[in-house]
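Chemist: To be precise about what I am sending: the file is called final22.txt and holds compact mmCIF, C-alpha atoms.
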# COMPACT_ATOMS: atom_id res chain seq x y z
CA MET A 12 11.27 -72.97 -72.78
CA VAL A 13 10.95 -76.46 -71.38
CA MET A 14 7.51 -78.00 -72.08
CA LEU A 15 6.60 -80.57 -69.45
CA GLU A 16 3.21 -82.25 -69.25
CA PHE A 17 2.10 -80.28 -66.19
CA LEU A 18 2.81 -77.03 -68.09
CA LYS A 19 0.48 -77.83 -70.97
CA HIS A 20 -2.68 -75.76 -71.51
CA LEU A 21 -1.20 -72.87 -69.53
CA ASP A 22 -0.70 -69.37 -70.91
CA ARG A 23 2.95 -68.40 -71.29
CA ASP A 24 2.99 -66.10 -68.27
CA LEU A 25 1.49 -68.80 -66.05
CA ARG A 26 3.97 -71.38 -67.34
CA ASP A 27 6.85 -69.03 -66.55
CA ALA A 28 5.43 -68.29 -63.11
CA LEU A 29 4.97 -71.97 -62.27
CA LEU A 30 8.49 -72.87 -63.40
CA ALA A 31 9.87 -70.02 -61.28
CA GLN A 32 7.88 -71.15 -58.22
CA LEU A 33 9.09 -74.73 -58.58
CA ARG A 34 12.70 -73.61 -59.17
CA ASN A 35 12.63 -71.37 -56.11
CA LEU A 36 11.05 -73.98 -53.84
CA TRP A 37 13.21 -76.85 -55.09
CA THR A 38 16.42 -74.82 -54.83
CA HIS A 39 15.62 -73.42 -51.40
CA ALA A 40 14.56 -76.79 -49.96
CA SER A 41 17.47 -78.82 -51.31
CA THR A 42 20.18 -76.33 -50.37
CA ALA A 43 18.62 -75.61 -46.95
CA LEU A 44 18.78 -79.34 -46.18
CA GLU A 45 22.56 -78.98 -46.54
CA GLY A 46 22.78 -75.91 -44.30
CA ASN A 47 22.14 -72.98 -46.65
CA THR A 48 20.81 -70.02 -44.64
CA LEU A 49 18.80 -68.21 -47.33
CA THR A 50 15.03 -68.24 -46.79
CA LEU A 51 12.61 -69.11 -49.59
CA GLY A 52 11.95 -65.39 -50.16
CA GLU A 53 15.66 -64.59 -50.23
CA THR A 54 16.33 -67.49 -52.59
CA ALA A 55 13.64 -66.22 -54.95
CA PHE A 56 15.09 -62.69 -54.79
CA VAL A 57 18.62 -63.87 -55.58
CA LEU A 58 17.46 -66.00 -58.52
CA GLU A 59 15.03 -63.47 -59.95
CA GLU A 60 16.95 -60.23 -59.38
CA GLY A 61 20.54 -61.47 -59.47
CA LEU A 62 21.36 -59.50 -56.33
CA THR A 63 22.83 -60.52 -52.99
CA ILE A 64 21.26 -60.43 -49.53
CA SER A 65 23.08 -58.24 -47.03
CA GLY A 66 24.61 -60.20 -44.17
CA LYS A 67 24.29 -63.60 -45.84
CA PRO A 68 27.39 -65.65 -46.86
CA LEU A 69 28.51 -65.41 -50.47
CA LYS A 70 28.72 -69.20 -50.66
CA ASP A 71 24.98 -69.44 -49.93
CA HIS A 72 24.24 -67.21 -52.92
CA ILE A 73 26.53 -69.27 -55.14
CA GLU A 74 24.89 -72.50 -53.96
CA VAL A 75 21.38 -71.41 -54.90
CA THR A 76 22.39 -70.08 -58.32
CA GLY A 77 24.29 -73.33 -58.94
CA HIS A 78 21.30 -75.43 -57.95
CA ALA A 79 19.00 -73.38 -60.19
CA ARG A 80 21.34 -74.03 -63.13
CA ALA A 81 21.35 -77.72 -62.21
CA ILE A 82 17.54 -77.77 -62.47
CA ASP A 83 17.88 -76.42 -66.01
CA LEU A 84 20.27 -79.30 -66.77
CA ILE A 85 17.74 -81.78 -65.40
CA TYR A 86 14.99 -80.32 -67.61
CA ARG A 87 17.27 -80.67 -70.64
CA LEU A 88 18.01 -84.30 -69.77
CA VAL A 89 14.27 -84.95 -69.48
CA GLU A 90 13.67 -83.37 -72.90
CA LYS A 91 16.45 -85.41 -74.52
CA GLY A 92 15.16 -88.61 -72.94
CA VAL A 93 18.64 -90.14 -73.04
CA ASP A 94 20.28 -92.49 -70.57
CA LEU A 95 22.76 -91.01 -68.12
CA MET A 96 26.45 -91.26 -68.88
CA ASP A 97 29.37 -90.48 -66.56
CA ASP A 98 29.85 -87.13 -68.31
CA ASP A 99 26.22 -86.16 -67.58
CA LEU A 100 26.68 -86.91 -63.89
CA PHE A 101 30.03 -85.12 -63.75
CA ALA A 102 28.59 -82.02 -65.45
CA LEU A 103 25.71 -81.96 -62.98
CA HIS A 104 28.12 -82.33 -60.06
CA GLN A 105 30.22 -79.41 -61.31
CA THR A 106 27.06 -77.28 -61.38
CA VAL A 107 25.79 -78.36 -57.96
CA GLN A 108 29.12 -78.41 -56.13
CA THR A 109 29.92 -74.74 -56.51
CA GLU A 110 32.54 -74.54 -53.76
CA GLN A 111 35.85 -74.29 -55.58
CA ILE A 112 38.45 -76.29 -53.65
CA VAL A 113 41.85 -77.01 -55.16
CA ASP A 114 42.35 -80.40 -53.58
CA VAL A 115 43.06 -83.68 -55.37
CA TYR A 116 41.17 -85.49 -52.62
CA LYS A 117 38.02 -83.46 -53.29
CA PRO A 118 37.57 -83.77 -57.06
CA LEU A 119 34.94 -81.68 -58.82
CA GLY A 120 33.02 -83.54 -61.53
CA ALA A 121 34.69 -86.87 -60.80
CA TRP A 122 34.14 -89.85 -58.51
CA LYS A 123 35.38 -89.61 -54.95
CA VAL A 124 38.92 -90.79 -54.22
CA GLU A 125 38.63 -91.03 -50.43
CA PRO A 126 36.14 -92.95 -48.26
CA ASN A 127 33.16 -91.05 -46.85
CA SER A 128 30.78 -91.89 -44.02
CA THR A 129 28.08 -90.52 -41.77
CA VAL A 130 27.15 -90.90 -38.11
CA ILE A 131 23.79 -92.59 -37.56
CA VAL A 132 22.14 -92.44 -34.15
CA ASP A 133 20.27 -95.68 -33.46
CA GLY A 134 18.53 -95.47 -30.11
CA ASN A 135 21.29 -94.71 -27.63
CA LYS A 136 24.05 -95.83 -29.98
CA GLN A 137 26.07 -93.78 -32.45
CA ILE A 138 27.20 -95.74 -35.49
CA VAL A 139 29.68 -94.67 -38.15
CA PHE A 140 28.12 -95.85 -41.40
CA GLU A 141 30.48 -96.27 -44.35
CA TYR A 142 29.29 -95.51 -47.86
CA ALA A 143 30.73 -97.41 -50.84
CA SER A 144 34.51 -97.64 -51.10
CA PRO A 145 36.00 -95.35 -53.79
CA LYS A 146 37.39 -98.40 -55.62
CA ASP A 147 33.87 -99.82 -55.96
CA VAL A 148 32.20 -96.62 -57.16
CA PRO A 149 32.72 -97.03 -60.95
CA VAL A 150 31.16 -100.51 -60.92
CA LEU A 151 28.32 -99.50 -58.61
CA MET A 152 27.52 -96.36 -60.57
CA LYS A 153 27.44 -98.37 -63.80
CA ALA A 154 24.83 -100.55 -62.08
CA TRP A 155 22.93 -97.42 -60.98
CA GLN A 156 23.03 -96.02 -64.52
CA ASP A 157 21.73 -99.34 -65.89
CA PHE A 158 18.93 -99.20 -63.33
CA PHE A 159 18.12 -95.65 -64.44
CA ALA A 160 18.15 -96.75 -68.09
CA ARG A 161 15.59 -99.48 -67.41
CA ILE A 162 13.30 -96.94 -65.76
CA ASN A 163 13.95 -94.45 -68.57
CA LYS A 164 12.64 -96.92 -71.15
CA GLU A 165 9.31 -97.46 -69.37
CA LYS A 166 6.30 -95.71 -70.85
CA ALA A 167 3.25 -94.10 -69.23
CA LEU A 168 4.27 -94.50 -65.60
CA ASP A 169 1.42 -93.85 -63.18
CA LYS A 170 1.76 -91.81 -60.00
CA GLU A 171 2.43 -94.81 -57.74
CA LYS A 172 5.11 -96.25 -60.02
CA VAL A 173 6.75 -92.84 -60.44
CA LEU A 174 6.94 -92.46 -56.67
CA SER A 175 8.64 -95.87 -56.40
CA CYS A 176 11.14 -94.91 -59.11
CA TYR A 177 12.03 -91.71 -57.25
CA VAL A 178 12.47 -93.50 -53.94
CA GLU A 179 14.60 -96.31 -55.38
CA LEU A 180 16.87 -94.12 -57.51
CA HIS A 181 17.30 -91.70 -54.60
CA ALA A 182 18.07 -94.38 -52.00
CA ALA A 183 20.47 -96.29 -54.25
CA PHE A 184 22.42 -93.16 -55.18
CA VAL A 185 22.76 -92.03 -51.56
CA ARG A 186 23.80 -95.53 -50.50
CA ILE A 187 26.71 -95.38 -52.95
CA HIS A 188 27.61 -91.72 -52.24
CA PRO A 189 29.84 -91.54 -55.34
CA PHE A 190 31.09 -87.98 -54.86
CA TRP A 191 33.09 -86.42 -52.05
CA ASP A 192 30.27 -83.92 -51.47
CA GLY A 193 26.95 -82.87 -53.03
CA ASN A 194 25.48 -86.37 -53.04
CA GLY A 195 22.17 -85.40 -51.42
CA ARG A 196 21.51 -82.58 -53.87
CA MET A 197 22.50 -84.84 -56.77
CA ALA A 198 20.18 -87.61 -55.60
CA ARG A 199 17.23 -85.24 -55.17
CA LEU A 200 17.79 -83.88 -58.69
CA LEU A 201 18.45 -87.10 -60.56
CA ALA A 202 15.68 -89.13 -58.94
CA ASN A 203 13.19 -86.55 -60.22
CA ILE A 204 13.96 -87.23 -63.89
CA PRO A 205 11.39 -90.06 -64.21
CA VAL A 206 8.92 -87.98 -62.18
CA LEU A 207 9.19 -85.07 -64.62
CA LYS A 208 9.26 -87.35 -67.65
CA ALA A 209 5.99 -88.95 -66.54
CA GLY A 210 4.34 -85.53 -66.45
CA PHE A 211 4.44 -84.73 -62.73
CA PRO A 212 6.10 -81.85 -60.86
CA PRO A 213 9.24 -82.70 -58.83
CA ILE A 214 9.16 -84.32 -55.40
CA ILE A 215 10.71 -81.72 -53.07
CA ILE A 216 11.95 -82.57 -49.57
CA PRO A 217 11.32 -79.55 -47.29
CA GLN A 218 14.02 -78.35 -44.90
CA GLU A 219 11.51 -78.48 -42.04
CA ARG A 220 11.41 -82.28 -42.37
CA ARG A 221 15.19 -82.77 -42.52
CA ARG A 222 15.27 -84.97 -39.40
CA GLU A 223 12.60 -87.32 -40.76
CA TYR A 224 14.41 -87.45 -44.10
CA ILE A 225 17.71 -88.43 -42.50
CA GLN A 226 16.03 -90.94 -40.19
CA ALA A 227 14.18 -92.67 -43.02
CA LEU A 228 17.33 -93.11 -45.10
CA SER A 229 19.43 -94.05 -42.07
CA LYS A 230 16.94 -96.77 -41.15
CA TYR A 231 17.43 -98.32 -44.57
CA HIS A 232 21.22 -97.96 -44.44
CA LEU A 233 21.38 -99.80 -41.13
CA ALA A 234 19.05 -102.52 -42.40
CA VAL A 235 21.11 -103.33 -45.51
CA GLY A 236 24.66 -102.31 -44.55
CA THR A 237 27.52 -100.92 -46.63
CA ILE A 238 27.35 -101.66 -50.35
CA THR A 239 30.27 -103.20 -52.25
CA ALA A 240 30.86 -103.93 -55.94
CA GLY A 241 28.57 -106.72 -57.15
CA ASP A 242 25.95 -106.23 -54.41
CA ASP A 243 22.31 -105.58 -55.21
CA LEU A 244 21.67 -101.85 -55.26
CA LEU A 245 18.48 -102.21 -53.22
CA PRO A 246 18.24 -105.37 -51.14
CA ALA A 247 15.32 -105.70 -48.72
CA ILE A 248 13.38 -103.14 -50.71
CA ASP A 249 10.44 -103.40 -48.31
CA LYS A 250 12.66 -101.59 -45.79
CA LEU A 251 12.15 -98.46 -47.92
CA ASP A 252 8.42 -98.30 -47.14
CA ASP A 253 8.87 -95.56 -44.52
CA PHE A 254 10.96 -93.48 -46.92
CA LYS A 255 8.36 -93.97 -49.65
CA ARG A 256 5.55 -92.74 -47.38
CA PHE A 257 7.67 -89.77 -46.39
CA CYS A 258 8.37 -88.82 -50.03
CA GLN A 259 4.70 -89.16 -50.90
CA GLU A 260 3.81 -86.67 -48.18
CA CYS A 261 6.53 -84.27 -49.34
CA TRP A 262 5.18 -84.35 -52.90
CA PHE A 263 2.04 -82.50 -51.80
CA GLU A 264 3.56 -79.02 -51.97
CA SER A 265 4.65 -79.10 -55.62
CA LEU A 266 1.43 -80.84 -56.69
CA LYS A 267 -0.47 -78.07 -54.89
CA LEU A 268 1.46 -75.35 -56.76
CA VAL A 269 0.59 -76.96 -60.09
CA ASP A 270 -3.07 -77.34 -59.14
CA GLU A 271 -3.34 -73.69 -58.07
CA VAL A 272 -1.88 -72.39 -61.34
CA HIS A 273 -4.19 -74.59 -63.41
CA LYS A 274 -7.15 -73.30 -61.41
CA GLN A 275 -6.02 -69.78 -62.27
CA GLN A 276 -5.87 -70.77 -65.94
CA ARG A 277 -9.40 -72.17 -65.84
CA LYS A 278 -10.70 -68.92 -64.31
CA ARG A 279 -9.29 -67.03 -67.30
CA GLY A 280 -11.41 -69.17 -69.58
CA GLN A 281 -14.66 -68.47 -67.78
Could you show the structure in this file as structure tokens?
Modeler:
Amino acid sequence: MVMLEFLKHLDRDLRDALLAQLRNLWTHASTALEGNTLTLGETAFVLEEGLTISGKPLKDHIEVTGHARAIDLIYRLVEKGVDLMDDDLFALHQTVQTEQIVDVYKPLGAWKVEPNSTVIVDGNKQIVFEYASPKDVPVLMKAWQDFFARINKEKALDKEKVLSCYVELHAAFVRIHPFWDGNGRMARLLANIPVLKAGFPPIIIPQERRREYIQALSKYHLAVGTITAGDDLLPAIDKLDDFKRFCQECWFESLKLVDEVHKQQRKRGQ
């Protein structure tokens, strides 16, 4: 069983329960942000019982089981403490991106081969924002991996620094958008590695705050523009302040879960 700092001093049953709660919440929130229709309770049922929910799409069941396996991969990467290689990212993408499409233009576990973009609404204007060009992705992702490696070497990160690491890794990854699909789920998983390594529970973006999440990232995208090979990953970093405040607020739920389980442990000792 994974032994993270926030699991220490807990009895085995409470450790298992806390890990299950975090897995269920993290999986439900991240997949729901992308349109998955399973509720938190249904997600927990699927993951714990291995059964399907009547009337819900099969793809939604596959998505949540894939995301749960991806969390296990993230825990293993935290335990190893190694830097991220292309193969690590590709393996995670294959786990997250469970939709099996036989299409050379939608590669699974490989960098994108076609451009991708999103529509950002700015006031009364709709803007098509382009992510990084496929030809620039290998160079940009090498820069992102180097950035991750620098963070990975830091010791004893405090809560404020950990939050900054999450925000910056998340924003830089989404700005590149290196895969044809699954980039949001990948970013929300990978950016939590330094959070977990520092001894904190994951930062989880709730589905109920999807609009704020998109707006905060879109604001930064519009401020800095499309990234190309050789550009700074995070120019005008002060423009991420709104996203940082948003992520700090979202962190409350997982911190609360950990606090409640530790309170339960202390009661056992009385």
Chemist: So, counting only C-alpha atoms, which residue among A:Thr38, A:Pro213, A:Lys230, A:Ile204 is closest to Val93 in chain A?
Modeler: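 Of A:Thr38, A:Pro213, A:Lys230, A:Ile204, the one nearest Val93 in chain A is A:Ile204, counting only C-alpha atoms.
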Chemist: With all atoms listed in the file as the counted atoms, please give the residues lying no more than 9 Å from Ala40 in chain A, apart from itself and same-chain residues fewer than 5 positions off, as a PDB file with C-alpha atoms, in the frame of the given file.
Modeler:
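And here is the file that came out, out03.pdb:
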ATOM      1  CA  ASN A  35      12.630 -71.370 -56.110  1.00  0.00           C
ATOM      2  CA  GLU A  45      22.560 -78.980 -46.540  1.00  0.00           C
ATOM      3  CA  LEU A  51      12.610 -69.110 -49.590  1.00  0.00           C
ATOM      4  CA  ILE A 215      10.710 -81.720 -53.070  1.00  0.00           C
ATOM      5  CA  ILE A 216      11.950 -82.570 -49.570  1.00  0.00           C
ATOM      6  CA  PRO A 217      11.320 -79.550 -47.290  1.00  0.00           C
ATOM      7  CA  GLN A 218      14.020 -78.350 -44.900  1.00  0.00           C
ATOM      8  CA  GLU A 219      11.510 -78.480 -42.040  1.00  0.00           C
TER       9      GLU A 219
END
Chemist: Hey, which of A:Ala240, A:Ile73, A:Thr42, A:Lys136 ends up closest to Val57 in chain A? Count all atoms listed in the file.
Modeler: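 The answer is A:Ile73, which sits nearest to Val57 in chain A.
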Chemist: Report, in Å to a single decimal, how far apart CA of Ile131 in chain A and CA of Trp155 in chain A are.
Modeler: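 Result for CA of Trp155 in chain A versus CA of Ile131 in chain A: 23.9 Å, one decimal.
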Chemist: Restricting the calculation to all atoms listed in the file: of A:Arg220, A:Ala102, A:Gly280, A:Gly241, which residue gets closest to Asp147 in chain A?
Modeler: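 Of the candidates, the smallest distance to Asp147 in chain A is held by A:Gly241.
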Chemist: Mind checking which residues fall within 8 Å of Ala227 in chain A, counting only C-alpha atoms, ignoring those fewer than 5 positions away in the same chain, and posting them as a ChimeraX atom specification?
Modeler: /A:251,253-254,257
Chemist: May I have the residues within 12 Å of Leu245 in chain A as a PyMOL selection string, using all atoms listed in the file and disregarding those fewer than 6 positions away in the same chain?
Modeler: chain A and resi 151+154-155+158+176+178-187+231-232+234-239+251
Chemist: Just give me the gap between CA of Leu15 in chain A and CA of Leu207 in chain A in Å, one decimal is fine.
Modeler: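 The value is 7.1 Å.
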Chemist: Return the single residue from A:Cys258, A:His188, A:Lys278, A:Val150 that is closest to Asp243 in chain A, with distances computed using all atoms listed in the file.
Modeler: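 Once distances to Asp243 in chain A are computed over all atoms listed in the file, the minimum belongs to A:Val150.
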Chemist: Considering only C-alpha atoms, can you say which of A:Val107, A:Leu200, A:Cys261, A:Val269 comes closest to Leu88 in chain A?
Modeler: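 Checking each candidate against Leu88 in chain A, we get A:Leu200 as the closest.
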Chemist: Please measure the separation of CA of Gly61 in chain A and CA of Lys91 in chain A, giving the value in Å to one decimal.
Modeler: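 CA of Lys91 in chain A lies 28.6 Å from CA of Gly61 in chain A.
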Chemist: Using only C-alpha atoms, can you tell me which of A:Leu62, A:Leu100, A:Leu30, A:Val75 comes closest to Asn47 in chain A?
Modeler: A:Val75
Chemist: For Glu74 in chain A, find every residue with an atom within 8 Å (counting all atoms listed in the file), except residues of its own chain fewer than 3 positions away, and show them as a PDB file with C-alpha atoms, keeping the file's coordinate frame.
Modeler:
ATOM      1  CA  THR A  42      20.180 -76.330 -50.370  1.00  0.00           C
ATOM      2  CA  ASN A  47      22.140 -72.980 -46.650  1.00  0.00           C
ATOM      3  CA  LYS A  70      28.720 -69.200 -50.660  1.00  0.00           C
ATOM      4  CA  ASP A  71      24.980 -69.440 -49.930  1.00  0.00           C
ATOM      5  CA  GLY A  77      24.290 -73.330 -58.940  1.00  0.00           C
ATOM      6  CA  HIS A  78      21.300 -75.430 -57.950  1.00  0.00           C
ATOM      7  CA  VAL A 107      25.790 -78.360 -57.960  1.00  0.00           C
ATOM      8  CA  GLN A 108      29.120 -78.410 -56.130  1.00  0.00           C
ATOM      9  CA  THR A 109      29.920 -74.740 -56.510  1.00  0.00           C
ATOM     10  CA  GLU A 110      32.540 -74.540 -53.760  1.00  0.00           C
TER      11      GLU A 110
END
Chemist: What lies within 12 Å of Gly210 in chain A using all atoms listed in the file, ignoring chain neighbours under 6 positions off, as a ChimeraX atom specification?
Modeler: /A:14-19,86,89-90,166-170,173,203-204,266,269
